[in-house]
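Below: the structure, in structure tokens.
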Amino acid sequence: MVARQIAGRGITDEAVLEAMRTVPREAFVPDGLAEFAYIDAPLPIAEGQTISQPFIVALMAQALELSRDDRVLEIGAGSGYAAAVLGQLAERVVTLERHTSLAEGAAAALRGLGYDNVELHHADGSLGWPQAAPYDAIVATAARGEIPRPLLDQLAVGGRLVLPVGERGEVQQLRRIRRTGRGADDLVEEDLGAVQFVPFLSGLDRSAAPAVTRETVPERIAAAA
């Protein structure tokens, strides 16, 4: 996966490449999909969400330009896989998930693998997590038309925010915003290319985990595609 799909497509940060080699992706995908864990494609998880394709996880991690002593905020824990990768690269990761069942599953996976520097909260990601701000890096794994102001406000001077911008059905752009000063508008924005992500939703989903369906593996892959 790393040699062909990630390094082979231009990811050069050695720390990111080593993190992608280290984190067992199969530990974060649903039962029955482990054999597909290392293909270069997103896979379905609960609540109609996906675990991003490995290349996109690596691309966003590299764009964050992380150092080992950085504090990171992730919006959209999902399966917990990207948070585990970030946990290999940074001192502390705070990750937020609005879906109850996803938050519980991701927390269990991260705990089981010993990621004690990753702190997961069931919370509304559009508000960020001011309790631990400011952050050296913030990343969002869902897209919306405008950048939530709380995320910009919680970014440290010199910090980087990486997130997809665009509405559902539009061409989304992966953007990096760098804070250059303490002023509200001391920001420099870069376009990192076209991407496709699930929508960034506000508010909490407190519903219980849905009943397990009996879809076949091909049916689940078709649904995700």
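Residues are referred to by chain and number: the chain letter is A, B, ... according to the order shown in the structure tokens, the number counts from 1 in that chain, and ligands are numbered separately from 1 in the order shown.
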Taking the chain letters and numbering used in this document, name the residues of segment 15-159 of chain A that DSSP puts in helix (DSSP H, G or I), as a PyMOL selection string.
chain A and resi 15-22+25-28+34-36+46-48+54-63+81-89+100-112+125-127+130-132+149-153
Could you pull out the residues in segment 4-183 of chain A that DSSP calls strand (DSSP E) from the backbone, as number ranges by chain?
A: 43-44, 50-51, 71-75, 92-97, 118-122, 135-140, 155-165, 172-179
Selection near Ala84 of chain A, 7 Å with only C-alpha atoms, sequence-local residues under 6 positions removed, as number ranges by chain
A: 23, 110, 115
I need the residues from that last selection saved to file as a PDB file, in the first residue's frame (with N, CA, C and O atoms), if you can.
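So the final result, stored in again.pdb, reads:
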```
ATOM      1  N   VAL A  23       0.310   1.795  11.283  1.00  0.00           N
ATOM      2  CA  VAL A  23      -1.073   1.666  11.764  1.00  0.00           C
ATOM      3  C   VAL A  23      -1.788   0.539  11.012  1.00  0.00           C
ATOM      4  O   VAL A  23      -1.852   0.552   9.774  1.00  0.00           O
ATOM      5  N   LEU A 110      -9.030   2.606  19.097  1.00  0.00           N
ATOM      6  CA  LEU A 110      -7.831   3.342  19.498  1.00  0.00           C
ATOM      7  C   LEU A 110      -7.308   2.857  20.845  1.00  0.00           C
ATOM      8  O   LEU A 110      -6.103   2.683  21.033  1.00  0.00           O
ATOM      9  N   TYR A 115      -3.319   3.757  21.766  1.00  0.00           N
ATOM     10  CA  TYR A 115      -3.076   5.149  21.401  1.00  0.00           C
ATOM     11  C   TYR A 115      -3.526   6.062  22.538  1.00  0.00           C
ATOM     12  O   TYR A 115      -4.565   6.720  22.475  1.00  0.00           O
TER      13      TYR A 115
END
```
Would you mind reading off the distance between atom CA of Ala58 of chain A and atom CA of Arg98 of chain A, one decimal, in Å?
23.1 Å
Set the distance at 7 Å and use only C-alpha atoms: which residues neighbour segment 120-133 of chain A once local chain neighbours fewer than 4 positions away are removed? I'd like the list as a PDB file with all heavy atoms, in the first residue's frame.
```
ATOM      1  N   ILE A  75     -11.467  16.912  13.140  1.00  0.00           N
ATOM      2  CA  ILE A  75     -12.925  16.993  13.093  1.00  0.00           C
ATOM      3  C   ILE A  75     -13.433  15.831  12.252  1.00  0.00           C
ATOM      4  O   ILE A  75     -13.168  15.751  11.056  1.00  0.00           O
ATOM      5  CB  ILE A  75     -13.400  18.323  12.474  1.00  0.00           C
ATOM      6  CG1 ILE A  75     -12.700  19.509  13.134  1.00  0.00           C
ATOM      7  CG2 ILE A  75     -14.915  18.434  12.573  1.00  0.00           C
ATOM      8  CD1 ILE A  75     -12.931  19.631  14.609  1.00  0.00           C
ATOM      9  N   GLY A  76     -14.145  14.905  12.885  1.00  0.00           N
ATOM     10  CA  GLY A  76     -14.670  13.743  12.183  1.00  0.00           C
ATOM     11  C   GLY A  76     -13.805  12.526  12.387  1.00  0.00           C
ATOM     12  O   GLY A  76     -13.054  12.118  11.495  1.00  0.00           O
ATOM     13  N   VAL A  94      -6.586  15.547  19.582  1.00  0.00           N
ATOM     14  CA  VAL A  94      -7.968  15.600  20.049  1.00  0.00           C
ATOM     15  C   VAL A  94      -8.841  15.376  18.831  1.00  0.00           C
ATOM     16  O   VAL A  94      -8.726  16.105  17.834  1.00  0.00           O
ATOM     17  CB  VAL A  94      -8.295  16.959  20.695  1.00  0.00           C
ATOM     18  CG1 VAL A  94      -9.771  17.015  21.096  1.00  0.00           C
ATOM     19  CG2 VAL A  94      -7.408  17.205  21.902  1.00  0.00           C
ATOM     20  N   THR A  95      -9.696  14.366  18.856  1.00  0.00           N
ATOM     21  CA  THR A  95     -10.549  14.075  17.711  1.00  0.00           C
ATOM     22  C   THR A  95     -12.007  14.073  18.137  1.00  0.00           C
ATOM     23  O   THR A  95     -12.346  13.591  19.224  1.00  0.00           O
ATOM     24  CB  THR A  95     -10.144  12.735  17.041  1.00  0.00           C
ATOM     25  OG1 THR A  95     -10.972  12.515  15.884  1.00  0.00           O
ATOM     26  CG2 THR A  95     -10.278  11.551  17.990  1.00  0.00           C
ATOM     27  N   LEU A  96     -12.879  14.636  17.297  1.00  0.00           N
ATOM     28  CA  LEU A  96     -14.289  14.812  17.604  1.00  0.00           C
ATOM     29  C   LEU A  96     -15.139  14.020  16.631  1.00  0.00           C
ATOM     30  O   LEU A  96     -14.842  13.953  15.433  1.00  0.00           O
ATOM     31  CB  LEU A  96     -14.675  16.296  17.517  1.00  0.00           C
ATOM     32  CG  LEU A  96     -13.777  17.299  18.252  1.00  0.00           C
ATOM     33  CD1 LEU A  96     -14.300  18.718  18.052  1.00  0.00           C
ATOM     34  CD2 LEU A  96     -13.681  16.962  19.731  1.00  0.00           C
ATOM     35  N   GLU A  97     -16.219  13.430  17.134  1.00  0.00           N
ATOM     36  CA  GLU A  97     -17.143  12.671  16.287  1.00  0.00           C
ATOM     37  C   GLU A  97     -18.579  12.937  16.744  1.00  0.00           C
ATOM     38  O   GLU A  97     -18.884  12.818  17.923  1.00  0.00           O
ATOM     39  CB  GLU A  97     -16.836  11.169  16.371  1.00  0.00           C
ATOM     40  CG  GLU A  97     -17.796  10.286  15.611  1.00  0.00           C
ATOM     41  CD  GLU A  97     -17.978  10.715  14.164  1.00  0.00           C
ATOM     42  OE1 GLU A  97     -16.960  10.822  13.438  1.00  0.00           O
ATOM     43  OE2 GLU A  97     -19.140  10.951  13.760  1.00  0.00           O
ATOM     44  N   ARG A  98     -19.444  13.303  15.808  1.00  0.00           N
ATOM     45  CA  ARG A  98     -20.826  13.660  16.152  1.00  0.00           C
ATOM     46  C   ARG A  98     -21.746  12.459  16.293  1.00  0.00           C
ATOM     47  O   ARG A  98     -22.792  12.541  16.926  1.00  0.00           O
ATOM     48  CB  ARG A  98     -21.400  14.636  15.112  1.00  0.00           C
ATOM     49  CG  ARG A  98     -21.596  14.050  13.722  1.00  0.00           C
ATOM     50  CD  ARG A  98     -22.106  15.097  12.746  1.00  0.00           C
ATOM     51  NE  ARG A  98     -23.412  15.604  13.109  1.00  0.00           N
ATOM     52  CZ  ARG A  98     -24.562  15.054  12.693  1.00  0.00           C
ATOM     53  NH1 ARG A  98     -24.556  13.977  11.908  1.00  0.00           N
ATOM     54  NH2 ARG A  98     -25.711  15.570  13.059  1.00  0.00           N
ATOM     55  N   THR A 100     -22.819   8.931  17.789  1.00  0.00           N
ATOM     56  CA  THR A 100     -22.550   8.155  18.993  1.00  0.00           C
ATOM     57  C   THR A 100     -21.878   6.832  18.685  1.00  0.00           C
ATOM     58  O   THR A 100     -20.856   6.477  19.287  1.00  0.00           O
ATOM     59  CB  THR A 100     -23.857   7.886  19.763  1.00  0.00           C
ATOM     60  OG1 THR A 100     -24.491   9.131  20.066  1.00  0.00           O
ATOM     61  CG2 THR A 100     -23.593   7.128  21.054  1.00  0.00           C
ATOM     62  N   ALA A 103     -18.292   7.225  17.459  1.00  0.00           N
ATOM     63  CA  ALA A 103     -17.414   7.650  18.545  1.00  0.00           C
ATOM     64  C   ALA A 103     -17.057   6.477  19.449  1.00  0.00           C
ATOM     65  O   ALA A 103     -15.893   6.296  19.832  1.00  0.00           O
ATOM     66  CB  ALA A 103     -18.080   8.764  19.352  1.00  0.00           C
ATOM     67  N   ALA A 107     -13.267   4.930  19.615  1.00  0.00           N
ATOM     68  CA  ALA A 107     -12.596   4.951  20.915  1.00  0.00           C
ATOM     69  C   ALA A 107     -12.119   3.563  21.304  1.00  0.00           C
ATOM     70  O   ALA A 107     -11.012   3.387  21.826  1.00  0.00           O
ATOM     71  CB  ALA A 107     -13.539   5.518  21.978  1.00  0.00           C
ATOM     72  N   PRO A 148     -15.718  26.803   9.098  1.00  0.00           N
ATOM     73  CA  PRO A 148     -16.252  27.234  10.392  1.00  0.00           C
ATOM     74  C   PRO A 148     -15.291  28.186  11.108  1.00  0.00           C
ATOM     75  O   PRO A 148     -14.108  27.879  11.278  1.00  0.00           O
ATOM     76  CB  PRO A 148     -16.414  25.920  11.171  1.00  0.00           C
ATOM     77  CG  PRO A 148     -16.521  24.861  10.116  1.00  0.00           C
ATOM     78  CD  PRO A 148     -15.629  25.334   9.010  1.00  0.00           C
ATOM     79  N   PRO A 150     -15.000  28.974  14.264  1.00  0.00           N
ATOM     80  CA  PRO A 150     -14.327  28.485  15.480  1.00  0.00           C
ATOM     81  C   PRO A 150     -13.027  27.734  15.201  1.00  0.00           C
ATOM     82  O   PRO A 150     -12.099  27.778  16.010  1.00  0.00           O
ATOM     83  CB  PRO A 150     -15.384  27.564  16.107  1.00  0.00           C
ATOM     84  CG  PRO A 150     -16.677  28.127  15.646  1.00  0.00           C
ATOM     85  CD  PRO A 150     -16.413  28.593  14.244  1.00  0.00           C
ATOM     86  N   LEU A 151     -12.947  27.044  14.061  1.00  0.00           N
ATOM     87  CA  LEU A 151     -11.717  26.318  13.750  1.00  0.00           C
ATOM     88  C   LEU A 151     -10.576  27.293  13.465  1.00  0.00           C
ATOM     89  O   LEU A 151      -9.443  27.081  13.907  1.00  0.00           O
ATOM     90  CB  LEU A 151     -11.935  25.393  12.551  1.00  0.00           C
ATOM     91  CG  LEU A 151     -13.052  24.349  12.699  1.00  0.00           C
ATOM     92  CD1 LEU A 151     -13.020  23.387  11.515  1.00  0.00           C
ATOM     93  CD2 LEU A 151     -12.935  23.591  14.010  1.00  0.00           C
ATOM     94  N   GLN A 154      -9.289  28.790  16.704  1.00  0.00           N
ATOM     95  CA  GLN A 154      -8.563  27.879  17.593  1.00  0.00           C
ATOM     96  C   GLN A 154      -7.199  27.472  17.039  1.00  0.00           C
ATOM     97  O   GLN A 154      -6.504  26.632  17.611  1.00  0.00           O
ATOM     98  CB  GLN A 154      -9.424  26.650  17.879  1.00  0.00           C
ATOM     99  CG  GLN A 154     -10.646  26.974  18.724  1.00  0.00           C
ATOM    100  CD  GLN A 154     -11.646  25.843  18.830  1.00  0.00           C
ATOM    101  OE1 GLN A 154     -11.264  24.671  18.838  1.00  0.00           O
ATOM    102  NE2 GLN A 154     -12.915  26.178  18.911  1.00  0.00           N
ATOM    103  N   SER A 202     -23.330  19.851  11.256  1.00  0.00           N
ATOM    104  CA  SER A 202     -23.266  20.420  12.601  1.00  0.00           C
ATOM    105  C   SER A 202     -24.223  19.684  13.523  1.00  0.00           C
ATOM    106  O   SER A 202     -25.121  18.976  13.081  1.00  0.00           O
ATOM    107  CB  SER A 202     -23.623  21.912  12.556  1.00  0.00           C
ATOM    108  OG  SER A 202     -22.730  22.611  11.724  1.00  0.00           O
ATOM    109  N   GLY A 203     -24.032  19.866  14.819  1.00  0.00           N
ATOM    110  CA  GLY A 203     -24.915  19.243  15.796  1.00  0.00           C
ATOM    111  C   GLY A 203     -24.468  17.836  16.149  1.00  0.00           C
ATOM    112  O   GLY A 203     -23.591  17.253  15.512  1.00  0.00           O
ATOM    113  N   LEU A 204     -25.116  17.273  17.181  1.00  0.00           N
ATOM    114  CA  LEU A 204     -24.800  15.926  17.643  1.00  0.00           C
ATOM    115  C   LEU A 204     -25.854  14.935  17.182  1.00  0.00           C
ATOM    116  O   LEU A 204     -27.037  15.250  17.134  1.00  0.00           O
ATOM    117  CB  LEU A 204     -24.740  15.886  19.178  1.00  0.00           C
ATOM    118  CG  LEU A 204     -23.511  16.485  19.848  1.00  0.00           C
ATOM    119  CD1 LEU A 204     -23.649  16.362  21.355  1.00  0.00           C
ATOM    120  CD2 LEU A 204     -22.254  15.796  19.379  1.00  0.00           C
TER     121      LEU A 204
END
```
Shell around Ala3 of chain A at 10 Å using only C-alpha atoms, local window under 4 positions removed, as a VMD selection string:
chain A and resid 7 to 9 11 17 21
Export of prior selection with all heavy atoms as a PDB file, in the first residue's frame:
```
ATOM      1  N   ALA A   7       3.673   6.480  -1.505  1.00  0.00           N
ATOM      2  CA  ALA A   7       4.951   6.995  -1.998  1.00  0.00           C
ATOM      3  C   ALA A   7       4.948   7.046  -3.517  1.00  0.00           C
ATOM      4  O   ALA A   7       5.478   7.997  -4.119  1.00  0.00           O
ATOM      5  CB  ALA A   7       6.094   6.129  -1.489  1.00  0.00           C
ATOM      6  N   GLY A   8       4.343   6.058  -4.141  1.00  0.00           N
ATOM      7  CA  GLY A   8       4.299   6.011  -5.596  1.00  0.00           C
ATOM      8  C   GLY A   8       3.490   7.121  -6.227  1.00  0.00           C
ATOM      9  O   GLY A   8       3.599   7.369  -7.430  1.00  0.00           O
ATOM     10  N   ARG A   9       2.664   7.812  -5.429  1.00  0.00           N
ATOM     11  CA  ARG A   9       1.849   8.914  -5.954  1.00  0.00           C
ATOM     12  C   ARG A   9       2.315  10.262  -5.423  1.00  0.00           C
ATOM     13  O   ARG A   9       1.586  11.246  -5.535  1.00  0.00           O
ATOM     14  CB  ARG A   9       0.378   8.680  -5.615  1.00  0.00           C
ATOM     15  CG  ARG A   9      -0.211   7.484  -6.350  1.00  0.00           C
ATOM     16  CD  ARG A   9      -1.652   7.241  -5.952  1.00  0.00           C
ATOM     17  NE  ARG A   9      -2.522   8.337  -6.329  1.00  0.00           N
ATOM     18  CZ  ARG A   9      -3.813   8.396  -5.987  1.00  0.00           C
ATOM     19  NH1 ARG A   9      -4.356   7.443  -5.256  1.00  0.00           N
ATOM     20  NH2 ARG A   9      -4.556   9.423  -6.364  1.00  0.00           N
ATOM     21  N   ILE A  11       3.743  11.174  -2.146  1.00  0.00           N
ATOM     22  CA  ILE A  11       3.904  11.512  -0.734  1.00  0.00           C
ATOM     23  C   ILE A  11       5.363  11.254  -0.353  1.00  0.00           C
ATOM     24  O   ILE A  11       5.862  10.139  -0.512  1.00  0.00           O
ATOM     25  CB  ILE A  11       2.958  10.690   0.154  1.00  0.00           C
ATOM     26  CG1 ILE A  11       1.505  10.924  -0.254  1.00  0.00           C
ATOM     27  CG2 ILE A  11       3.169  11.026   1.624  1.00  0.00           C
ATOM     28  CD1 ILE A  11       1.033  12.363  -0.154  1.00  0.00           C
ATOM     29  N   LEU A  17       4.983   8.393   5.846  1.00  0.00           N
ATOM     30  CA  LEU A  17       5.100   7.063   5.245  1.00  0.00           C
ATOM     31  C   LEU A  17       5.270   5.993   6.323  1.00  0.00           C
ATOM     32  O   LEU A  17       4.652   4.919   6.247  1.00  0.00           O
ATOM     33  CB  LEU A  17       6.272   7.030   4.265  1.00  0.00           C
ATOM     34  CG  LEU A  17       6.146   7.925   3.031  1.00  0.00           C
ATOM     35  CD1 LEU A  17       7.430   7.886   2.209  1.00  0.00           C
ATOM     36  CD2 LEU A  17       4.950   7.537   2.179  1.00  0.00           C
ATOM     37  N   ARG A  21       2.766   2.859   7.374  1.00  0.00           N
ATOM     38  CA  ARG A  21       3.225   1.466   7.469  1.00  0.00           C
ATOM     39  C   ARG A  21       2.858   0.854   8.822  1.00  0.00           C
ATOM     40  O   ARG A  21       2.648  -0.350   8.936  1.00  0.00           O
ATOM     41  CB  ARG A  21       4.742   1.396   7.299  1.00  0.00           C
ATOM     42  CG  ARG A  21       5.274   1.761   5.932  1.00  0.00           C
ATOM     43  CD  ARG A  21       6.773   1.502   5.843  1.00  0.00           C
ATOM     44  NE  ARG A  21       7.339   2.069   4.629  1.00  0.00           N
ATOM     45  CZ  ARG A  21       8.019   3.206   4.581  1.00  0.00           C
ATOM     46  NH1 ARG A  21       8.233   3.891   5.703  1.00  0.00           N
ATOM     47  NH2 ARG A  21       8.488   3.663   3.443  1.00  0.00           N
TER      48      ARG A  21
END
```
At a cut-off of 10 Å, using only C-alpha atoms, what residues contact Val217 of chain A? Leave out same-chain residues fewer than 2 positions from it and give the result as JSON, numbers by chain.
{"A": [31, 32, 33, 36, 214, 215, 219, 220, 221, 222, 223]}
Calculate how many Å separate atom CA of Ile56 of chain A from atom CA of Arg179 of chain A, rounding to one decimal.
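Between these atoms lies a distance of 23.0 Å.
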